[in-house]
file query31.json (JSON, C-alpha atoms)
[["chain", "number", "residue", "atom", "x", "y", "z"],
["B", 1, "MET", "CA", 161.67, 211.67, 40.75],
["B", 2, "ALA", "CA", 159.77, 210.63, 43.87],
["B", 3, "ARG", "CA", 156.48, 208.86, 43.23],
["B", 4, "HIS", "CA", 154.50, 211.75, 44.71],
["B", 5, "ASP", "CA", 156.29, 214.39, 42.65],
["B", 6, "ARG", "CA", 154.63, 215.96, 39.62],
["B", 7, "PRO", "CA", 156.44, 216.99, 36.43],
["B", 8, "ASP", "CA", 156.83, 220.72, 35.86],
["B", 9, "THR", "CA", 154.86, 220.45, 32.59],
["B", 10, "PRO", "CA", 151.68, 218.36, 32.73],
["B", 11, "PRO", "CA", 151.08, 215.79, 29.99],
["B", 12, "SER", "CA", 149.40, 217.12, 26.89],
["B", 13, "PRO", "CA", 145.67, 216.28, 26.65],
["B", 14, "GLY", "CA", 146.49, 214.85, 23.21],
["B", 15, "ASP", "CA", 149.03, 212.38, 24.61],
["B", 16, "GLU", "CA", 147.46, 208.98, 23.86],
["B", 17, "ASP", "CA", 149.45, 207.17, 26.54],
["B", 18, "PHE", "CA", 148.35, 209.70, 29.12],
["B", 19, "LEU", "CA", 144.70, 209.43, 28.07],
["B", 20, "ALA", "CA", 144.89, 205.64, 28.10],
["B", 21, "SER", "CA", 146.22, 205.70, 31.65],
["B", 22, "MET", "CA", 143.39, 208.00, 32.66],
["B", 23, "ASP", "CA", 140.90, 205.60, 31.04],
["B", 24, "ARG", "CA", 142.27, 202.82, 33.22],
["B", 25, "GLU", "CA", 141.94, 204.92, 36.35],
["B", 26, "LEU", "CA", 138.43, 206.04, 35.44],
["B", 27, "SER", "CA", 137.15, 202.52, 34.82],
["B", 28, "GLY", "CA", 139.13, 200.91, 37.62],
["B", 29, "TRP", "CA", 140.38, 198.19, 35.26],
["B", 30, "SER", "CA", 143.99, 197.76, 34.10],
["B", 31, "ASP", "CA", 142.83, 196.85, 30.58],
["B", 32, "PRO", "CA", 139.21, 198.00, 30.15],
["B", 33, "ALA", "CA", 138.66, 196.57, 26.66],
["B", 34, "GLU", "CA", 140.02, 193.16, 27.65],
["B", 35, "ARG", "CA", 137.94, 193.20, 30.84],
["B", 36, "LEU", "CA", 134.79, 193.69, 28.77],
["B", 37, "ARG", "CA", 135.78, 190.98, 26.27],
["B", 38, "GLN", "CA", 136.27, 188.53, 29.13],
["B", 39, "ALA", "CA", 132.94, 189.50, 30.67],
["B", 40, "LEU", "CA", 131.18, 188.76, 27.38],
["B", 41, "ALA", "CA", 133.01, 185.47, 26.86],
["B", 42, "LYS", "CA", 132.30, 184.29, 30.40],
["B", 43, "ASP", "CA", 128.68, 185.50, 30.55],
["B", 44, "GLU", "CA", 129.40, 187.77, 33.48],
["B", 45, "PHE", "CA", 126.35, 189.89, 32.78],
["B", 46, "GLU", "CA", 122.91, 189.47, 34.29],
["B", 47, "LEU", "CA", 119.65, 190.46, 32.63],
["B", 48, "TYR", "CA", 117.12, 192.48, 34.57],
["B", 49, "CYS", "CA", 113.78, 193.66, 33.24],
["B", 50, "GLN", "CA", 110.99, 196.12, 33.91],
["B", 51, "PRO", "CA", 107.53, 194.89, 32.88],
["B", 52, "ILE", "CA", 105.22, 197.19, 30.93],
["B", 53, "LEU", "CA", 101.60, 197.32, 32.06],
["B", 54, "SER", "CA", 98.73, 196.97, 29.59],
["B", 55, "LEU", "CA", 96.01, 199.52, 30.29],
["B", 56, "ALA", "CA", 93.39, 197.86, 28.13],
["B", 57, "GLY", "CA", 94.33, 194.30, 27.12],
["B", 58, "ALA", "CA", 93.58, 191.11, 28.97],
["B", 59, "GLU", "CA", 97.27, 190.33, 29.56],
["B", 60, "ARG", "CA", 98.50, 192.43, 32.49],
["B", 61, "PHE", "CA", 102.20, 192.57, 31.54],
["B", 62, "PRO", "CA", 102.58, 191.69, 27.85],
["B", 63, "ILE", "CA", 106.07, 193.24, 27.44],
["B", 64, "ALA", "CA", 109.17, 193.67, 29.57],
["B", 65, "GLU", "CA", 112.08, 195.98, 28.80],
["B", 66, "LEU", "CA", 115.46, 194.33, 29.22],
["B", 67, "LEU", "CA", 118.18, 195.92, 31.34],
["B", 68, "VAL", "CA", 121.70, 194.65, 31.96],
["B", 69, "ARG", "CA", 124.04, 194.49, 34.96],
["B", 70, "LEU", "CA", 127.68, 193.41, 35.21],
["B", 71, "ARG", "CA", 128.77, 191.03, 37.97],
["B", 72, "GLU", "CA", 131.89, 192.28, 39.70],
["B", 73, "GLU", "CA", 133.94, 191.28, 42.73],
["B", 74, "GLU", "CA", 132.10, 189.77, 45.71],
["B", 75, "ALA", "CA", 129.02, 189.18, 43.54],
["B", 76, "ALA", "CA", 128.32, 192.93, 43.32],
["B", 77, "LEU", "CA", 126.26, 194.07, 40.34],
["B", 78, "LEU", "CA", 127.40, 197.17, 38.48],
["B", 79, "PRO", "CA", 124.58, 199.31, 37.06],
["B", 80, "PRO", "CA", 124.78, 200.19, 33.35],
["B", 81, "GLY", "CA", 126.03, 203.70, 34.06],
["B", 82, "GLU", "CA", 129.23, 202.16, 35.42],
["B", 83, "PHE", "CA", 130.20, 200.13, 32.35],
["B", 84, "LEU", "CA", 128.18, 201.18, 29.29],
["B", 85, "PRO", "CA", 130.32, 204.30, 28.76],
["B", 86, "VAL", "CA", 133.37, 202.02, 28.61],
["B", 87, "PHE", "CA", 131.68, 199.81, 26.01],
["B", 88, "GLU", "CA", 130.84, 202.91, 24.00],
["B", 89, "HIS", "CA", 134.35, 204.34, 24.28],
["B", 90, "TYR", "CA", 135.90, 201.17, 22.83],
["B", 91, "GLY", "CA", 133.23, 200.74, 20.14],
["B", 92, "MET", "CA", 132.03, 197.47, 21.69],
["B", 93, "MET", "CA", 128.31, 198.15, 22.06],
["B", 94, "PRO", "CA", 127.36, 195.85, 19.13],
["B", 95, "ALA", "CA", 129.01, 192.95, 20.96],
["B", 96, "LEU", "CA", 127.00, 193.67, 24.10],
["B", 97, "ASP", "CA", 123.76, 194.07, 22.15],
["B", 98, "ARG", "CA", 124.39, 190.71, 20.50],
["B", 99, "TRP", "CA", 124.94, 189.12, 23.90],
["B", 100, "ILE", "CA", 121.64, 190.56, 25.14],
["B", 101, "VAL", "CA", 119.70, 189.36, 22.08],
["B", 102, "ARG", "CA", 121.16, 185.86, 22.30],
["B", 103, "SER", "CA", 120.50, 185.60, 26.04],
["B", 104, "ALA", "CA", 116.97, 186.99, 25.73],
["B", 105, "LEU", "CA", 116.00, 184.52, 23.02],
["B", 106, "GLN", "CA", 117.48, 181.62, 24.97],
["B", 107, "ARG", "CA", 115.37, 182.66, 27.96],
["B", 108, "LEU", "CA", 112.21, 182.93, 25.86],
["B", 109, "ALA", "CA", 112.92, 179.50, 24.38],
["B", 110, "ARG", "CA", 112.85, 177.99, 27.88],
["B", 111, "GLY", "CA", 109.42, 179.48, 28.53],
["B", 112, "SER", "CA", 108.39, 182.83, 29.93],
["B", 113, "LYS", "CA", 105.42, 184.33, 31.75],
["B", 114, "ILE", "CA", 105.99, 187.50, 29.70],
["B", 115, "GLY", "CA", 105.96, 186.71, 26.01],
["B", 116, "ASN", "CA", 107.61, 189.82, 24.56],
["B", 117, "LEU", "CA", 110.98, 191.34, 25.46],
["B", 118, "SER", "CA", 112.28, 194.71, 24.28],
["B", 119, "VAL", "CA", 115.98, 195.35, 23.68],
["B", 120, "ASN", "CA", 117.51, 198.83, 23.68],
["B", 121, "ILE", "CA", 119.74, 199.16, 20.62],
["B", 122, "ALA", "CA", 122.85, 201.31, 20.91],
["B", 123, "SER", "CA", 123.68, 203.87, 18.26],
["B", 124, "GLN", "CA", 126.83, 201.91, 17.37],
["B", 125, "SER", "CA", 124.77, 198.79, 16.66],
["B", 126, "LEU", "CA", 122.78, 200.64, 14.00],
["B", 127, "ASP", "CA", 125.96, 200.59, 11.89],
["B", 128, "ASP", "CA", 126.48, 196.84, 12.34],
["B", 129, "GLU", "CA", 125.28, 195.65, 8.92],
["B", 130, "ALA", "CA", 125.44, 192.01, 10.02],
["B", 131, "PHE", "CA", 123.24, 192.57, 13.08],
["B", 132, "PRO", "CA", 119.86, 191.75, 11.42],
["B", 133, "ALA", "CA", 121.31, 188.53, 9.98],
["B", 134, "PHE", "CA", 122.59, 187.64, 13.46],
["B", 135, "VAL", "CA", 119.08, 188.20, 14.86],
["B", 136, "ALA", "CA", 117.54, 185.97, 12.18],
["B", 137, "GLU", "CA", 120.11, 183.27, 12.91],
["B", 138, "GLN", "CA", 119.38, 183.38, 16.64],
["B", 139, "LEU", "CA", 115.63, 183.24, 16.02],
["B", 140, "GLY", "CA", 116.11, 180.20, 13.84],
["B", 141, "SER", "CA", 118.31, 178.37, 16.32],
["B", 142, "THR", "CA", 116.03, 179.02, 19.31],
["B", 143, "GLY", "CA", 112.69, 178.63, 17.56],
["B", 144, "VAL", "CA", 111.30, 181.76, 19.25],
["B", 145, "ALA", "CA", 108.59, 183.68, 17.38],
["B", 146, "ALA", "CA", 110.21, 186.78, 15.89],
["B", 147, "ARG", "CA", 107.40, 189.07, 17.08],
["B", 148, "ALA", "CA", 108.46, 188.34, 20.65],
["B", 149, "LEU", "CA", 111.56, 190.48, 20.14],
["B", 150, "ILE", "CA", 111.07, 194.26, 20.09],
["B", 151, "PHE", "CA", 113.95, 196.61, 19.33],
["B", 152, "GLU", "CA", 113.93, 199.98, 21.10],
["B", 153, "ILE", "CA", 115.60, 202.82, 19.21],
["B", 154, "ASP", "CA", 116.04, 206.18, 20.89],
["B", 155, "GLU", "CA", 114.34, 209.16, 19.30],
["B", 156, "SER", "CA", 117.67, 211.03, 19.22],
["B", 157, "ASP", "CA", 119.03, 208.40, 16.82],
["B", 158, "VAL", "CA", 115.90, 208.57, 14.67],
["B", 159, "LEU", "CA", 116.32, 212.32, 14.28],
["B", 160, "ALA", "CA", 120.10, 212.43, 13.88],
["B", 161, "ARG", "CA", 120.70, 209.19, 11.96],
["B", 162, "PHE", "CA", 117.49, 208.42, 10.12],
["B", 163, "ASP", "CA", 119.11, 206.51, 7.24],
["B", 164, "ALA", "CA", 120.99, 204.21, 9.62],
["B", 165, "VAL", "CA", 117.83, 203.64, 11.67],
["B", 166, "ALA", "CA", 115.83, 202.92, 8.52],
["B", 167, "ARG", "CA", 118.38, 200.32, 7.34],
["B", 168, "PHE", "CA", 118.51, 198.65, 10.72],
["B", 169, "GLY", "CA", 114.74, 198.73, 11.10],
["B", 170, "ALA", "CA", 114.15, 197.23, 7.67],
["B", 171, "GLY", "CA", 116.59, 194.43, 8.47],
["B", 172, "VAL", "CA", 115.07, 193.37, 11.78],
["B", 173, "ARG", "CA", 111.53, 193.80, 10.50],
["B", 174, "LYS", "CA", 112.41, 191.48, 7.62],
["B", 175, "ALA", "CA", 113.39, 188.94, 10.27],
["B", 176, "GLY", "CA", 109.92, 189.41, 11.77],
["B", 177, "CYS", "CA", 110.78, 191.54, 14.81],
["B", 178, "ARG", "CA", 109.05, 194.72, 15.90],
["B", 179, "LEU", "CA", 110.24, 198.29, 16.45],
["B", 180, "LEU", "CA", 109.74, 200.78, 19.26],
["B", 181, "ILE", "CA", 110.82, 204.43, 19.37],
["B", 182, "ASP", "CA", 111.91, 205.37, 22.88],
["B", 183, "GLY", "CA", 111.81, 208.88, 24.37],
["B", 184, "PHE", "CA", 109.29, 210.05, 21.79],
["B", 185, "GLY", "CA", 108.30, 213.71, 21.98],
["B", 186, "ARG", "CA", 111.46, 214.84, 23.74],
["B", 187, "ARG", "CA", 112.75, 216.53, 20.60],
["B", 188, "SER", "CA", 110.51, 215.58, 17.67],
["B", 189, "VAL", "CA", 108.01, 217.91, 16.08],
["B", 190, "SER", "CA", 106.70, 215.47, 13.49],
["B", 191, "PHE", "CA", 104.99, 212.09, 13.40],
["B", 192, "ALA", "CA", 106.27, 211.35, 9.87],
["B", 193, "PRO", "CA", 109.21, 209.14, 10.97],
["B", 194, "LEU", "CA", 106.84, 206.77, 12.77],
["B", 195, "LYS", "CA", 105.04, 205.90, 9.56],
["B", 196, "ALA", "CA", 108.19, 205.87, 7.45],
["B", 197, "LEU", "CA", 109.86, 203.39, 9.79],
["B", 198, "HIS", "CA", 106.74, 201.21, 10.22],
["B", 199, "VAL", "CA", 107.02, 201.51, 13.99],
["B", 200, "ASP", "CA", 104.93, 199.22, 16.20],
["B", 201, "PHE", "CA", 105.22, 201.16, 19.48],
["B", 202, "VAL", "CA", 106.20, 204.60, 20.73],
["B", 203, "LYS", "CA", 107.30, 205.22, 24.29],
["B", 204, "VAL", "CA", 106.38, 208.80, 25.18],
["B", 205, "ASP", "CA", 109.22, 210.56, 26.95],
["B", 206, "GLY", "CA", 109.12, 210.80, 30.73],
["B", 207, "VAL", "CA", 109.45, 214.59, 30.64],
["B", 208, "ILE", "CA", 105.96, 214.69, 29.12],
["B", 209, "VAL", "CA", 104.47, 211.87, 31.17],
["B", 210, "ARG", "CA", 105.56, 213.26, 34.54],
["B", 211, "LYS", "CA", 103.79, 216.56, 33.79],
["B", 212, "LEU", "CA", 100.43, 215.09, 32.78],
["B", 213, "ALA", "CA", 98.87, 216.10, 36.09],
["B", 214, "THR", "CA", 100.14, 219.67, 36.00],
["B", 215, "SER", "CA", 100.69, 220.81, 32.40],
["B", 216, "GLU", "CA", 98.11, 221.40, 29.70],
["B", 217, "ILE", "CA", 100.91, 221.35, 27.11],
["B", 218, "ALA", "CA", 101.98, 217.89, 28.25],
["B", 219, "ARG", "CA", 98.40, 216.64, 28.09],
["B", 220, "SER", "CA", 98.01, 218.12, 24.61],
["B", 221, "LYS", "CA", 101.14, 216.33, 23.41],
["B", 222, "MET", "CA", 100.03, 213.02, 24.89],
["B", 223, "ASN", "CA", 96.57, 213.34, 23.37],
["B", 224, "ALA", "CA", 98.13, 213.97, 19.95],
["B", 225, "VAL", "CA", 100.34, 210.89, 20.24],
["B", 226, "VAL", "CA", 97.40, 208.74, 21.31],
["B", 227, "ARG", "CA", 95.26, 209.95, 18.41],
["B", 228, "VAL", "CA", 98.00, 209.25, 15.89],
["B", 229, "GLY", "CA", 98.59, 205.85, 17.43],
["B", 230, "GLU", "CA", 94.93, 204.96, 17.01],
["B", 231, "VAL", "CA", 94.88, 206.08, 13.37],
["B", 232, "VAL", "CA", 98.07, 204.35, 12.21],
["B", 233, "GLY", "CA", 97.98, 201.36, 14.55],
["B", 234, "ILE", "CA", 100.89, 202.16, 16.88],
["B", 235, "GLY", "CA", 100.89, 201.14, 20.53],
["B", 236, "VAL", "CA", 101.47, 204.10, 22.88],
["B", 237, "ILE", "CA", 103.47, 203.58, 26.08],
["B", 238, "GLY", "CA", 103.82, 206.19, 28.79],
["B", 239, "GLU", "CA", 107.20, 205.82, 30.49],
["B", 240, "CYS", "CA", 108.52, 207.00, 33.87],
["B", 241, "VAL", "CA", 105.14, 206.64, 35.59],
["B", 242, "GLU", "CA", 105.83, 207.45, 39.24],
["B", 243, "GLU", "CA", 102.40, 208.52, 40.52],
["B", 244, "GLN", "CA", 98.99, 206.85, 40.50],
["B", 245, "ASP", "CA", 97.36, 210.07, 39.29],
["B", 246, "VAL", "CA", 99.56, 210.02, 36.19],
["B", 247, "LEU", "CA", 98.69, 206.36, 35.60],
["B", 248, "ALA", "CA", 94.98, 207.16, 35.80],
["B", 249, "ARG", "CA", 95.37, 210.05, 33.37],
["B", 250, "LEU", "CA", 97.24, 207.85, 30.88],
["B", 251, "LYS", "CA", 94.43, 205.32, 31.00],
["B", 252, "GLY", "CA", 91.78, 208.01, 30.66],
["B", 253, "MET", "CA", 93.53, 209.47, 27.62],
["B", 254, "GLY", "CA", 93.50, 206.11, 25.88],
["B", 255, "ALA", "CA", 97.20, 205.20, 26.07],
["B", 256, "GLY", "CA", 97.64, 201.47, 25.69],
["B", 257, "TYR", "CA", 100.54, 200.87, 28.08],
["B", 258, "ALA", "CA", 102.44, 202.32, 31.03],
["B", 259, "GLN", "CA", 105.87, 201.73, 32.53],
["B", 260, "GLY", "CA", 107.52, 203.09, 35.65],
["B", 261, "PHE", "CA", 108.73, 202.56, 39.18],
["B", 262, "SER", "CA", 105.24, 202.98, 40.66],
["B", 263, "ILE", "CA", 104.07, 200.08, 38.51],
["B", 264, "TYR", "CA", 106.96, 197.61, 38.62],
["B", 265, "GLN", "CA", 110.57, 198.20, 39.61],
["B", 266, "PRO", "CA", 113.37, 196.42, 37.71],
["B", 267, "HIS", "CA", 114.00, 192.85, 38.86],
["B", 268, "PRO", "CA", 116.21, 189.98, 37.68],
["B", 269, "LEU", "CA", 114.71, 188.57, 34.49],
["B", 270, "ASP", "CA", 114.35, 185.03, 35.82],
["B", 271, "ALA", "CA", 112.51, 186.28, 38.91],
["B", 272, "VAL", "CA", 109.94, 188.02, 36.70],
["B", 273, "VAL", "CA", 109.42, 185.60, 33.84],
["B", 274, "GLY", "CA", 110.09, 182.33, 35.81],
["B", 275, "PRO", "CA", 109.44, 179.54, 36.59]]
call {"tool": "encode", "arguments": {"input": "query31.json", "output": "C-alpha cells"}}
result
Amino acid sequence: MARHDRPDTPPSPGDEDFLASMDRELSGWSDPAERLRQALAKDEFELYCQPILSLAGAERFPIAELLVRLREEEAALLPPGEFLPVFEHYGMMPALDRWIVRSALQRLARGSKIGNLSVNIASQSLDDEAFPAFVAEQLGSTGVAARALIFEIDESDVLARFDAVARFGAGVRKAGCRLLIDGFGRRSVSFAPLKALHVDFVKVDGVIVRKLATSEIARSKMNAVVRVGEVVGIGVIGECVEEQDVLARLKGMGAGYAQGFSIYQPHPLDAVVGP
C-alpha cells in the first residue's frame, strides 16, 4: 500500500495502538509519557507567578499564584494548555505538583519579596496519599515556614470529590500549610464546605467578578461572600480583575484581595520575587 493510501476500513476507535499513535501526533512527541518524565528529571519547567494585590493590608502583594511553563526547542516556553492535558492523560499530575512544591519552597528558602506562594493542586494529586508527607518533608528540608505555602483547590473538586479534598486538606493543614478554594461561586450554593474544610481563602470566580459593574446579582453574590468571610475569618480574593472600575467595587465591598491582568500580568517567578 502506498504511504498516502488509506485502508478501506478505518481503525476502530477502541484500537489501543491506533489511539496511542493519535496521542503521539496530538502532543507532537514520539513518546509523550517519557518526554514528560525527562522534563521533570531535567528541570525543564519554569515557574511563573501572578501576584495578588492586598486591598487593605500594608503589604501590597502578600501572595503570588504559581504558574508553570515547559521549555521546548529553541528556548520556547509552552503554556500549560499545551502540556497539562498530556500530564493528565498519563496520570502524571502528582509528579508535576510535587516538582512545583519542591521548586517553590527552594525559591522561598533563598529569599523572596513575596512571602506566600499558592500552588494549584490537580484533581489527581488529591488521591496521592503520600503527598502531605512529601510536603512536610520538603518544608523540613528547606526550613520554610509552612504558612507560606497555600494550596489552591478548585471548587469543582470540592463539590464532586469532597471526601478526597477533606483528606488532602487535613493532611496539608497538619503540616501547617493553608488552603484556598478557587473559582468559588461558579457552581456552589452553600458556604458549608468552607467551614468544614477550614479554608483560609476563597477566590471568587471570574464570572462573578467581571459582572460587578453591570449585574446586581453578581454584586449580591460578592457581598454575601465578603460577609461570610468576615464572620468566619476567610480572606476573600476577587479573580480575573480586568477593569479599574471592578477593582474599585471590590475594594468598596470589603474584599481583601484582588488578582487579574489589569493589576499584574504573569511574569517569571524570579523576576517578581528577586533579587
call {"tool": "residues_around", "arguments": {"input": "query31.json", "residues": "B:Met93", "least_positions_apart": "2", "cutoff": "8 Å", "atoms": "all atoms listed in the file", "output": "ChimeraX atom specification"}}
result
/B:84,87-88,91,95-97,122,124-125
call {"tool": "residues_near_point", "arguments": {"input": "query31.json", "point": "(115.8, 193.4, 10.2)", "cutoff": "10 Å", "atoms": "only C-alpha atoms", "output": "ChimeraX atom specification"}}
result
/B:129-136,151,166-179
call {"tool": "residues_around", "arguments": {"input": "query31.json", "residues": "stretch 205-217 of chain B", "least_positions_apart": "5", "cutoff": "10 Å", "atoms": "all atoms listed in the file", "output": "ChimeraX atom specification"}}
result
/B:155,181-187,222-223,237-243,245-250,258-260
call {"tool": "closest_residue", "arguments": {"input": "query31.json", "among": "B:Arg35, B:Lys195, B:Leu269, B:Phe261", "to": "B:Gly233", "atoms": "only C-alpha atoms"}}
result
B:Lys195
call {"tool": "residues_around", "arguments": {"input": "query31.json", "residues": "stretch 52-65 of chain B", "least_positions_apart": "6", "cutoff": "7 Å", "atoms": "all atoms listed in the file", "output": "VMD selection string"}}
result
chain B and resid 114 to 119 251 256 to 259
call {"tool": "atom_distance", "arguments": {"input": "query31.json", "atom1": "atom CA of B:Lys203", "atom2": "atom CA of B:Asp157"}}
result
14.3 Å
call {"tool": "atom_distance", "arguments": {"input": "query31.json", "atom1": "atom CA of B:Asp154", "atom2": "atom CA of B:Val202"}}
result
10.0 Å
call {"tool": "residues_near_point", "arguments": {"input": "query31.json", "point": "(115.9, 191.4, 24.3)", "cutoff": "10 Å", "atoms": "all atoms listed in the file", "output": "list in words"}}
result
Leu47, Cys49, Ala64, Glu65, Leu66, Leu67, Asp97, Arg98, Trp99, Ile100, Val101, Arg102, Ser103, Ala104, Leu105, Gln106, Arg107, Leu108, Asn116, Leu117, Ser118, Val119, Asn120, Ile121, Ala148, Leu149, Ile150, Phe151 and Glu152 of chain B
call {"tool": "residues_around", "arguments": {"input": "query31.json", "residues": "B:Val165", "least_positions_apart": "4", "cutoff": "9 Å", "atoms": "only C-alpha atoms", "output": "list in words"}}
result
Ser123, Leu126, Asp127, Ile153, Asp157, Val158, Arg161, Gly169, Ala170 and Leu197 of chain B
call {"tool": "closest_residue", "arguments": {"input": "query31.json", "among": "B:Ala76, B:Ala271, B:Ala218, B:Leu159", "to": "B:Val189", "atoms": "all atoms listed in the file"}}
result
B:Leu159
call {"tool": "atom_distance", "arguments": {"input": "query31.json", "atom1": "atom CA of B:Leu77", "atom2": "atom CA of B:Lys42"}}
result
15.2 Å
call {"tool": "residues_around", "arguments": {"input": "query31.json", "residues": "B:Glu34", "least_positions_apart": "2", "cutoff": "12 Å", "atoms": "all atoms listed in the file", "output": "ChimeraX atom specification"}}
result
/B:24,29-32,36-41,86-87,90,92
